[in-house]
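What follows is the content of data.tsv, which has TSV, C-alpha atoms and all ligand atoms:
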```tsv
chain	number	residue	atom	x	y	z
U	1418	MET	CA	-33.35	-15.77	-0.20
U	1419	ILE	CA	-33.47	-15.89	-4.00
U	1420	ALA	CA	-36.36	-13.44	-3.99
U	1421	THR	CA	-34.46	-10.96	-1.80
U	1422	ASN	CA	-31.38	-11.27	-4.01
U	1423	ILE	CA	-33.39	-10.55	-7.16
U	1424	GLU	CA	-34.96	-7.57	-5.43
U	1425	LYS	CA	-31.50	-6.24	-4.52
U	1426	ILE	CA	-30.23	-6.73	-8.08
U	1427	ASN	CA	-33.27	-4.93	-9.48
U	1428	GLU	CA	-32.56	-2.01	-7.13
U	1429	LYS	CA	-28.94	-1.87	-8.32
U	1430	ILE	CA	-30.15	-2.00	-11.92
U	1431	ALA	CA	-32.50	0.92	-11.25
U	1432	LEU	CA	-29.67	2.92	-9.62
U	1433	ALA	CA	-27.20	2.29	-12.44
U	1434	ALA	CA	-29.88	3.19	-15.00
U	1435	GLU	CA	-30.71	6.42	-13.18
U	1436	LYS	CA	-27.03	7.30	-12.86
U	1437	SER	CA	-26.65	7.11	-16.63
U	1438	GLY	CA	-29.91	8.81	-17.54
U	1439	ARG	CA	-31.65	5.62	-18.67
U	1440	LYS	CA	-34.94	3.98	-17.73
U	1441	LYS	CA	-34.75	0.79	-15.68
U	1442	GLU	CA	-37.36	-0.72	-18.01
U	1443	GLU	CA	-34.72	-0.67	-20.78
U	1444	ILE	CA	-32.73	-3.33	-18.94
U	1445	GLN	CA	-33.62	-7.01	-18.73
U	1446	LEU	CA	-32.23	-9.27	-16.03
U	1447	VAL	CA	-31.27	-12.79	-17.09
U	1448	ALA	CA	-31.03	-14.88	-13.91
U	1449	VAL	CA	-28.23	-17.34	-14.71
U	1450	SER	CA	-29.34	-20.67	-13.24
U	1451	LYS	CA	-26.65	-22.99	-14.62
U	1452	ARG	CA	-25.82	-25.86	-12.28
U	1453	PHE	CA	-28.79	-25.07	-10.04
U	1454	PRO	CA	-31.80	-27.40	-10.11
U	1455	ALA	CA	-35.16	-26.57	-11.67
U	1456	ASN	CA	-36.73	-25.99	-8.25
U	1457	LYS	CA	-34.49	-22.92	-7.78
U	1458	ILE	CA	-35.80	-21.52	-11.06
U	1459	LEU	CA	-39.34	-22.24	-9.92
U	1460	GLU	CA	-38.65	-20.49	-6.61
U	1461	ALA	CA	-37.56	-17.35	-8.46
U	1462	HIS	CA	-40.43	-17.68	-10.91
U	1463	HIS	CA	-43.01	-17.83	-8.12
U	1464	CYS	CA	-41.71	-14.43	-6.96
U	1465	GLY	CA	-42.38	-13.02	-10.41
U	1466	HIS	CA	-39.09	-13.46	-12.28
U	1467	THR	CA	-39.49	-14.97	-15.75
U	1468	LEU	CA	-36.14	-14.82	-17.60
U	1469	PHE	CA	-33.33	-17.31	-16.98
U	1470	GLY	CA	-29.98	-18.14	-18.58
U	1471	GLU	CA	-28.51	-21.61	-19.11
U	1472	ASN	CA	-25.09	-22.73	-20.40
U	1473	TYR	CA	-25.39	-26.46	-20.97
U	1474	ILE	CA	-27.83	-28.06	-23.41
U	1475	GLN	CA	-28.40	-31.37	-21.68
U	1476	GLU	CA	-28.86	-29.72	-18.29
U	1477	ALA	CA	-31.26	-27.15	-19.73
U	1478	GLN	CA	-33.25	-29.82	-21.55
U	1479	GLN	CA	-33.80	-31.74	-18.32
U	1480	LYS	CA	-34.88	-28.61	-16.42
U	1481	LYS	CA	-37.10	-27.38	-19.25
U	1482	ALA	CA	-39.28	-30.48	-18.79
U	1483	GLU	CA	-40.03	-29.35	-15.23
U	1484	LEU	CA	-40.77	-25.70	-16.04
U	1485	PRO	CA	-43.98	-23.97	-17.17
U	1486	ASP	CA	-44.02	-22.19	-20.55
U	1487	SER	CA	-44.09	-18.86	-18.71
U	1488	VAL	CA	-40.40	-19.40	-17.87
U	1489	LYS	CA	-38.27	-17.91	-20.67
U	1490	LEU	CA	-34.78	-19.25	-21.33
U	1491	HIS	CA	-31.75	-17.66	-22.97
U	1492	PHE	CA	-28.84	-19.83	-24.02
U	1493	ILE	CA	-25.57	-18.16	-22.96
U	1494	GLY	CA	-23.00	-20.96	-23.21
U	1495	HIS	CA	-20.77	-22.20	-26.00
U	1496	LEU	CA	-23.00	-23.95	-28.53
U	1497	GLN	CA	-21.71	-26.90	-30.55
U	1498	SER	CA	-23.39	-27.27	-33.95
U	1499	ASN	CA	-24.49	-30.83	-33.14
U	1500	LYS	CA	-26.49	-29.49	-30.16
U	1501	ALA	CA	-28.01	-26.57	-32.06
U	1502	LYS	CA	-31.11	-28.47	-33.07
U	1503	ILE	CA	-32.16	-29.05	-29.46
U	1504	ALA	CA	-31.15	-25.49	-28.55
U	1505	ALA	CA	-33.49	-24.10	-31.23
U	1506	GLU	CA	-36.32	-26.11	-29.70
U	1507	ILE	CA	-35.96	-25.21	-26.04
U	1508	PHE	CA	-34.60	-21.63	-25.97
U	1509	ASP	CA	-36.34	-18.29	-26.50
U	1510	MET	CA	-33.07	-16.63	-27.48
U	1511	ILE	CA	-29.56	-17.85	-28.32
U	1512	GLU	CA	-27.11	-15.17	-27.15
U	1513	THR	CA	-23.94	-16.89	-28.33
U	1514	VAL	CA	-24.05	-17.24	-32.11
U	1515	ASP	CA	-20.46	-16.75	-33.28
U	1516	ARG	CA	-20.24	-18.49	-36.67
U	1517	ILE	CA	-22.37	-18.88	-39.76
U	1518	LYS	CA	-22.39	-22.68	-39.63
U	1519	LEU	CA	-24.15	-22.58	-36.27
U	1520	ALA	CA	-26.59	-19.92	-37.48
U	1521	LYS	CA	-27.54	-22.11	-40.45
U	1522	VAL	CA	-28.37	-25.10	-38.25
U	1523	LEU	CA	-30.54	-22.93	-35.97
U	1524	ASN	CA	-32.28	-21.40	-38.99
U	1525	LYS	CA	-32.99	-24.80	-40.52
U	1526	GLN	CA	-34.50	-26.08	-37.30
U	1527	ARG	CA	-36.80	-23.05	-36.87
U	1528	ALA	CA	-37.86	-23.29	-40.53
U	1529	LEU	CA	-39.63	-26.51	-39.51
U	1530	THR	CA	-41.91	-24.65	-37.10
U	1531	GLY	CA	-42.01	-21.34	-38.99
U	1532	GLN	CA	-41.16	-19.48	-35.76
U	1533	LYS	CA	-38.28	-17.03	-35.93
U	1534	LEU	CA	-35.57	-17.50	-33.32
U	1535	PRO	CA	-34.16	-14.32	-31.72
U	1536	ILE	CA	-30.36	-14.46	-31.58
U	1537	LEU	CA	-27.42	-12.29	-30.57
U	1538	ILE	CA	-23.92	-12.43	-32.04
U	1539	GLN	CA	-21.31	-13.19	-29.39
U	1540	VAL	CA	-18.37	-10.85	-29.89
U	1541	ASN	CA	-14.94	-11.53	-28.39
U	1542	ILE	CA	-14.52	-7.83	-27.76
U	1543	GLY	CA	-11.28	-8.16	-25.76
U	1544	ASN	CA	-9.71	-10.66	-28.21
U	1545	ASP	CA	-9.34	-13.04	-25.27
U	1546	PRO	CA	-7.86	-16.34	-26.53
U	1547	LYS	CA	-9.85	-18.16	-23.81
U	1548	LYS	CA	-13.22	-16.85	-25.01
U	1549	SER	CA	-15.33	-17.75	-28.01
U	1550	GLY	CA	-17.03	-15.14	-30.14
U	1551	SER	CA	-16.47	-13.44	-33.46
U	1552	THR	CA	-13.86	-10.71	-33.51
U	1553	ALA	CA	-15.10	-7.13	-33.73
U	1554	GLU	CA	-13.82	-7.04	-37.34
U	1555	GLU	CA	-15.63	-10.25	-38.36
U	1556	THR	CA	-18.93	-9.26	-36.79
U	1557	GLU	CA	-20.24	-7.07	-39.62
U	1558	ARG	CA	-19.75	-9.82	-42.21
U	1559	LEU	CA	-21.33	-12.41	-39.92
U	1560	ALA	CA	-24.34	-10.12	-39.36
U	1561	GLU	CA	-24.76	-9.72	-43.14
U	1562	GLN	CA	-24.72	-13.48	-43.59
U	1563	ILE	CA	-27.19	-14.04	-40.74
U	1564	LEU	CA	-29.60	-11.52	-42.27
U	1565	GLU	CA	-29.98	-13.88	-45.22
U	1566	LEU	CA	-31.43	-16.56	-42.92
U	1567	PRO	CA	-35.19	-15.97	-42.75
U	1568	TYR	CA	-35.91	-17.86	-39.53
U	1569	LEU	CA	-33.44	-15.97	-37.36
U	1570	LYS	CA	-34.17	-12.57	-35.84
U	1571	LEU	CA	-30.83	-10.84	-35.38
U	1572	SER	CA	-31.48	-8.76	-32.27
U	1573	GLY	CA	-28.10	-7.47	-31.11
U	1574	LEU	CA	-24.71	-8.35	-29.62
U	1575	MET	CA	-23.41	-10.13	-26.53
U	1576	THR	CA	-19.98	-10.24	-24.93
U	1577	MET	CA	-17.95	-11.72	-22.08
U	1578	PRO	CA	-14.88	-9.52	-21.65
U	1579	PRO	CA	-11.66	-10.97	-20.17
U	1580	ILE	CA	-12.00	-11.63	-16.43
U	1581	GLU	CA	-10.49	-8.76	-14.46
U	1582	ALA	CA	-9.79	-8.42	-10.76
U	1583	ASP	CA	-11.19	-4.88	-10.84
U	1584	PRO	CA	-14.58	-4.59	-12.58
U	1585	GLU	CA	-13.69	-1.04	-13.68
U	1586	LEU	CA	-11.21	-2.64	-16.10
U	1587	SER	CA	-14.17	-4.13	-18.00
U	1588	ARG	CA	-15.60	-0.68	-18.73
U	1589	PRO	CA	-13.61	-0.06	-21.96
U	1590	HIS	CA	-14.72	-3.45	-23.31
U	1591	PHE	CA	-18.36	-2.69	-22.52
U	1592	ALA	CA	-18.03	0.69	-24.20
U	1593	ALA	CA	-16.44	-0.93	-27.25
U	1594	LEU	CA	-19.32	-3.41	-27.64
U	1595	ARG	CA	-21.86	-0.62	-27.41
U	1596	ILE	CA	-20.01	1.42	-30.06
U	1597	LEU	CA	-19.89	-1.64	-32.34
U	1598	ALA	CA	-23.63	-2.27	-31.88
U	1599	ASP	CA	-24.42	1.38	-32.67
U	1600	ARG	CA	-22.24	1.29	-35.78
U	1601	LEU	CA	-23.84	-1.90	-37.11
U	1602	HIS	CA	-27.28	-0.50	-36.31
U	1603	GLU	CA	-26.53	2.64	-38.32
U	1604	LYS	CA	-25.51	0.40	-41.22
U	1605	GLY	CA	-28.92	-1.26	-41.07
U	1606	LEU	CA	-27.78	-4.64	-39.79
U	1607	PHE	CA	-30.51	-4.91	-37.13
U	1608	PRO	CA	-33.56	-4.17	-39.31
U	1609	GLU	CA	-36.01	-6.12	-37.13
U	1610	VAL	CA	-35.47	-4.21	-33.88
U	1611	THR	CA	-35.85	-0.54	-32.93
U	1612	PHE	CA	-32.69	-0.71	-30.81
U	1613	PRO	CA	-30.20	-3.58	-30.76
U	1614	GLU	CA	-29.96	-5.61	-27.56
U	1615	ILE	CA	-26.58	-5.33	-25.85
U	1616	SER	CA	-26.00	-8.25	-23.47
U	1617	MET	CA	-23.07	-7.63	-21.11
U	1618	GLY	CA	-22.30	-7.57	-17.41
U	1619	MET	CA	-22.37	-10.31	-14.74
U	1620	SER	CA	-22.59	-10.40	-10.92
U	1621	SER	CA	-19.43	-8.37	-10.34
U	1622	ASP	CA	-19.76	-5.73	-13.04
U	1623	PHE	CA	-23.36	-5.45	-14.30
U	1624	HIS	CA	-23.73	-1.94	-12.86
U	1625	ILE	CA	-20.80	-0.79	-15.00
U	1626	ALA	CA	-22.20	-2.57	-18.06
U	1627	ILE	CA	-25.49	-0.70	-17.59
U	1628	GLU	CA	-23.67	2.64	-17.41
U	1629	GLU	CA	-22.05	1.70	-20.73
U	1630	GLY	CA	-25.33	0.78	-22.41
U	1631	ALA	CA	-26.24	-2.83	-21.55
U	1632	SER	CA	-29.86	-3.76	-22.26
U	1633	ILE	CA	-29.46	-7.34	-20.95
U	1634	VAL	CA	-27.39	-8.25	-17.88
U	1635	ARG	CA	-26.65	-11.86	-16.94
U	1636	VAL	CA	-26.40	-12.42	-13.20
U	1637	GLY	CA	-25.88	-15.82	-11.57
U	1638	THR	CA	-23.88	-15.94	-8.34
U	1639	ALA	CA	-25.42	-12.79	-6.85
U	1640	ILE	CA	-28.87	-14.42	-7.19
U	1641	PHE	CA	-28.40	-18.16	-6.64
U	1642	GLY	CA	-25.12	-18.21	-4.69
U	1643	GLU	CA	-21.81	-19.94	-5.46
U	1644	ARG	CA	-22.01	-22.73	-8.02
U	1645	GLN	CA	-20.64	-26.21	-7.31
U	1646	PRO	CA	-17.62	-26.86	-9.52
U	1647	LEU	CA	-18.35	-29.28	-12.40
U	1701	LIG	C1	-22.07	-18.00	-15.72
U	1701	LIG	C2	-22.27	-16.88	-16.63
U	1701	LIG	C3	-22.80	-15.65	-16.19
U	1701	LIG	C4	-23.11	-15.35	-14.74
U	1701	LIG	O1	-21.93	-15.20	-14.00
U	1701	LIG	P1	-21.97	-14.74	-12.46
U	1701	LIG	O2	-20.60	-14.23	-12.21
U	1701	LIG	O3	-22.30	-15.96	-11.67
U	1701	LIG	O4	-23.01	-13.69	-12.33
U	1701	LIG	C5	-23.04	-14.66	-17.13
U	1701	LIG	N1	-22.76	-14.85	-18.44
U	1701	LIG	C6	-22.27	-16.01	-18.90
U	1701	LIG	C7	-22.01	-16.15	-20.35
U	1701	LIG	C8	-22.00	-17.05	-18.02
U	1701	LIG	O5	-21.46	-18.18	-18.49
```

Mind turning the file's structure into structure tokens?
Ligand SMILES: *Cc1c(COP(=O)(O)O)cnc(C)c1O
Amino acid sequence: MIATNIEKINEKIALAAEKSGRKKEEIQLVAVSKRFPANKILEAHHCGHTLFGENYIQEAQQKKAELPDSVKLHFIGHLQSNKAKIAAEIFDMIETVDRIKLAKVLNKQRALTGQKLPILIQVNIGNDPKKSGSTAEETERLAEQILELPYLKLSGLMTMPPIEADPELSRPHFAALRILADRLHEKGLFPEVTFPEISMGMSSDFHIAIEEGASIVRVGTAIFGERQPL
């Protein structure tokens, strides 16, 4: 079941890429496994999928202990500074850095191992009061500050636009994030990557995000099914 779902998503990714004149290899699928047990991740991994997204530190820490190193994990939830130390240890990328205090804790933790941590800045592109993230205006300054931290690799931007009934309504937000990433890239704020990563799009709207330039899409429900409420 999970394998078939991933196959279907990969086909939709290929179609959306083709439609917008891009290569499907430019787009990475993060399978969002929050609130599903480690054996579901292993099931997907046995079919060849390697990249997963988690939202909760304690939950991810427990699952991580059951997973081989070949499983790669992105953190995509809201990260409290007091959990950042553990996050720096178990994740391959933190997609939701939205303040310098958090970046400093992550940097300090990776300084201990000497291994740079890839991160994205989470941008609240729709100025949604219910979402975290730096505002579009604050993002340039935050990027400048992060570039001073030697153990972080600033790799791009991530967003969660306001939830809309019609996924087409997310398109302007996706376009805005892409324009912001391009502008910051031109200013030299992503010196360690050839192209900045742009993480946007979920189960209902990832095809639109790809048309607007997403390089990472985060898909949960369409792969693992409906989540149990907390
Ligand atoms: C849960 C979550 C997703 C996946 O959402 P689905 O609608 O289940 O695909 C993507 N991104 C973030 C940040 C999430 O918290």

Which polymer residues have any atom within 10 Å of an atom of Lys1521 of chain U, counting only C-alpha atoms, with same-chain residues fewer than 2 positions away left out, as a PyMOL selection string?
chain U and resi 1498+1501+1516-1519+1523-1527+1562-1563+1565-1566+1568-1569

Just C-alpha atoms for this one: save the residues we selected as a PDB file, in the coordinates of the input.
```
ATOM      1  CA  SER U1498     -23.390 -27.270 -33.950  1.00  0.00           C
ATOM      2  CA  ALA U1501     -28.010 -26.570 -32.060  1.00  0.00           C
ATOM      3  CA  ARG U1516     -20.240 -18.490 -36.670  1.00  0.00           C
ATOM      4  CA  ILE U1517     -22.370 -18.880 -39.760  1.00  0.00           C
ATOM      5  CA  LYS U1518     -22.390 -22.680 -39.630  1.00  0.00           C
ATOM      6  CA  LEU U1519     -24.150 -22.580 -36.270  1.00  0.00           C
ATOM      7  CA  LEU U1523     -30.540 -22.930 -35.970  1.00  0.00           C
ATOM      8  CA  ASN U1524     -32.280 -21.400 -38.990  1.00  0.00           C
ATOM      9  CA  LYS U1525     -32.990 -24.800 -40.520  1.00  0.00           C
ATOM     10  CA  GLN U1526     -34.500 -26.080 -37.300  1.00  0.00           C
ATOM     11  CA  ARG U1527     -36.800 -23.050 -36.870  1.00  0.00           C
ATOM     12  CA  GLN U1562     -24.720 -13.480 -43.590  1.00  0.00           C
ATOM     13  CA  ILE U1563     -27.190 -14.040 -40.740  1.00  0.00           C
ATOM     14  CA  GLU U1565     -29.980 -13.880 -45.220  1.00  0.00           C
ATOM     15  CA  LEU U1566     -31.430 -16.560 -42.920  1.00  0.00           C
ATOM     16  CA  TYR U1568     -35.910 -17.860 -39.530  1.00  0.00           C
ATOM     17  CA  LEU U1569     -33.440 -15.970 -37.360  1.00  0.00           C
TER      18      LEU U1569
END
```

Hey, which residues sit close to ligand LIG 1701 (chain U)? Say within 7 Å, counting all atoms listed in the file, and write them as a list in words.
Val1449, Lys1451, Asn1472, Ile1493, Gly1494, Met1577, Met1619, Ser1620, Ser1621, Arg1635, Val1636, Gly1637, Thr1638 and Ala1639 of chain U

Return the single residue from U:Ile1640, U:Ile1458, U:Gln1645, U:Arg1452 that is closest to Asn1427 of chain U, with distances computed using all atoms listed in the file.
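Closest to Asn1427 of chain U of all the choices is U:Ile1640.
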
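Of note, atom CA of Thr1513 of chain U and atom CA of Leu1594 of chain U are spaced 14.3 Å apart.
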
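With only C-alpha atoms as the atoms that count, the minimum distance from Phe1469 of chain U to the choices U:Glu1614, U:Asp1509, U:Glu1428, U:Glu1603 is reached by U:Asp1509.
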
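Considering all atoms listed in the file, the residue among U:Pro1567, U:Ile1426, U:Gly1543, U:His1602 positioned nearest to Arg1588 of chain U is U:Gly1543.
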
Around (-42.3, -16.0, -12.2) in the file's frame, which residues reach within 12 Å when counting all atoms listed in the file? Return as a list in words?
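Using all atoms listed in the file, the matching residues come out as Ala1420, Ile1423, Ala1448, Lys1457, Ile1458, Leu1459, Glu1460, Ala1461, His1462, His1463, Cys1464, Gly1465, His1466, Thr1467, Leu1468, Phe1469, Leu1484, Pro1485, Asp1486, Ser1487, Val1488 and Lys1489 of chain U.
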
Expected file contents, prior selection, C-alpha atoms, as an mmCIF file, in the coordinates of the input:
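part-v1.cif written:
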```
data_model
loop_
_atom_site.group_PDB
_atom_site.id
_atom_site.type_symbol
_atom_site.label_atom_id
_atom_site.label_comp_id
_atom_site.auth_asym_id
_atom_site.auth_seq_id
_atom_site.Cartn_x
_atom_site.Cartn_y
_atom_site.Cartn_z
ATOM 1 C CA ALA U 1420 -36.360 -13.440 -3.990
ATOM 2 C CA ILE U 1423 -33.390 -10.550 -7.160
ATOM 3 C CA ALA U 1448 -31.030 -14.880 -13.910
ATOM 4 C CA LYS U 1457 -34.490 -22.920 -7.780
ATOM 5 C CA ILE U 1458 -35.800 -21.520 -11.060
ATOM 6 C CA LEU U 1459 -39.340 -22.240 -9.920
ATOM 7 C CA GLU U 1460 -38.650 -20.490 -6.610
ATOM 8 C CA ALA U 1461 -37.560 -17.350 -8.460
ATOM 9 C CA HIS U 1462 -40.430 -17.680 -10.910
ATOM 10 C CA HIS U 1463 -43.010 -17.830 -8.120
ATOM 11 C CA CYS U 1464 -41.710 -14.430 -6.960
ATOM 12 C CA GLY U 1465 -42.380 -13.020 -10.410
ATOM 13 C CA HIS U 1466 -39.090 -13.460 -12.280
ATOM 14 C CA THR U 1467 -39.490 -14.970 -15.750
ATOM 15 C CA LEU U 1468 -36.140 -14.820 -17.600
ATOM 16 C CA PHE U 1469 -33.330 -17.310 -16.980
ATOM 17 C CA LEU U 1484 -40.770 -25.700 -16.040
ATOM 18 C CA PRO U 1485 -43.980 -23.970 -17.170
ATOM 19 C CA ASP U 1486 -44.020 -22.190 -20.550
ATOM 20 C CA SER U 1487 -44.090 -18.860 -18.710
ATOM 21 C CA VAL U 1488 -40.400 -19.400 -17.870
ATOM 22 C CA LYS U 1489 -38.270 -17.910 -20.670
#
```

Skipping near chain neighbours, those fewer than 4 positions away, what residues fall within 12 Å of Phe1591 of chain U using all atoms listed in the file, listed as a ChimeraX atom specification?
/U:1540-1543,1574-1579,1584-1587,1595-1598,1615-1619,1622-1632,1634

Check the smallest atom-to-atom distance from each of U:Met1418, U:Ala1593, U:Ile1633, U:Ile1538 to Phe1607 of chain U using only C-alpha atoms, then report the winner.
U:Ile1538

Find the residues around segment 1503-1505 of chain U up to 9 Å (all atoms listed in the file counted), leave out those fewer than 5 positions away in its own chain, and share them as a PyMOL selection string.
chain U and resi 1474-1475+1477-1478+1492+1496+1510-1511+1522-1524+1526-1527+1534

Write out as a CSV table (one decimal) with C-alpha atoms, in the frame of the given file which residues come within 12 Å of Gly1605 of chain U when counting all atoms listed in the file, dropping same-chain ones fewer than 2 positions away.
```csv
chain,number,residue,atom,x,y,z
U,1557,GLU,CA,-20.2,-7.1,-39.6
U,1560,ALA,CA,-24.3,-10.1,-39.4
U,1561,GLU,CA,-24.8,-9.7,-43.1
U,1564,LEU,CA,-29.6,-11.5,-42.3
U,1571,LEU,CA,-30.8,-10.8,-35.4
U,1572,SER,CA,-31.5,-8.8,-32.3
U,1573,GLY,CA,-28.1,-7.5,-31.1
U,1598,ALA,CA,-23.6,-2.3,-31.9
U,1599,ASP,CA,-24.4,1.4,-32.7
U,1600,ARG,CA,-22.2,1.3,-35.8
U,1601,LEU,CA,-23.8,-1.9,-37.1
U,1602,HIS,CA,-27.3,-0.5,-36.3
U,1603,GLU,CA,-26.5,2.6,-38.3
U,1607,PHE,CA,-30.5,-4.9,-37.1
U,1608,PRO,CA,-33.6,-4.2,-39.3
U,1609,GLU,CA,-36.0,-6.1,-37.1
U,1610,VAL,CA,-35.5,-4.2,-33.9
U,1611,THR,CA,-35.8,-0.5,-32.9
U,1612,PHE,CA,-32.7,-0.7,-30.8
U,1613,PRO,CA,-30.2,-3.6,-30.8
```

Selected residue, from U:Glu1512, U:Glu1443, U:Glu1435, U:Glu1506, that lies nearest to Gly1470 of chain U when counting all atoms listed in the file:
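When distances to Gly1470 of chain U are compared using all atoms listed in the file, the smallest one comes from U:Glu1512.
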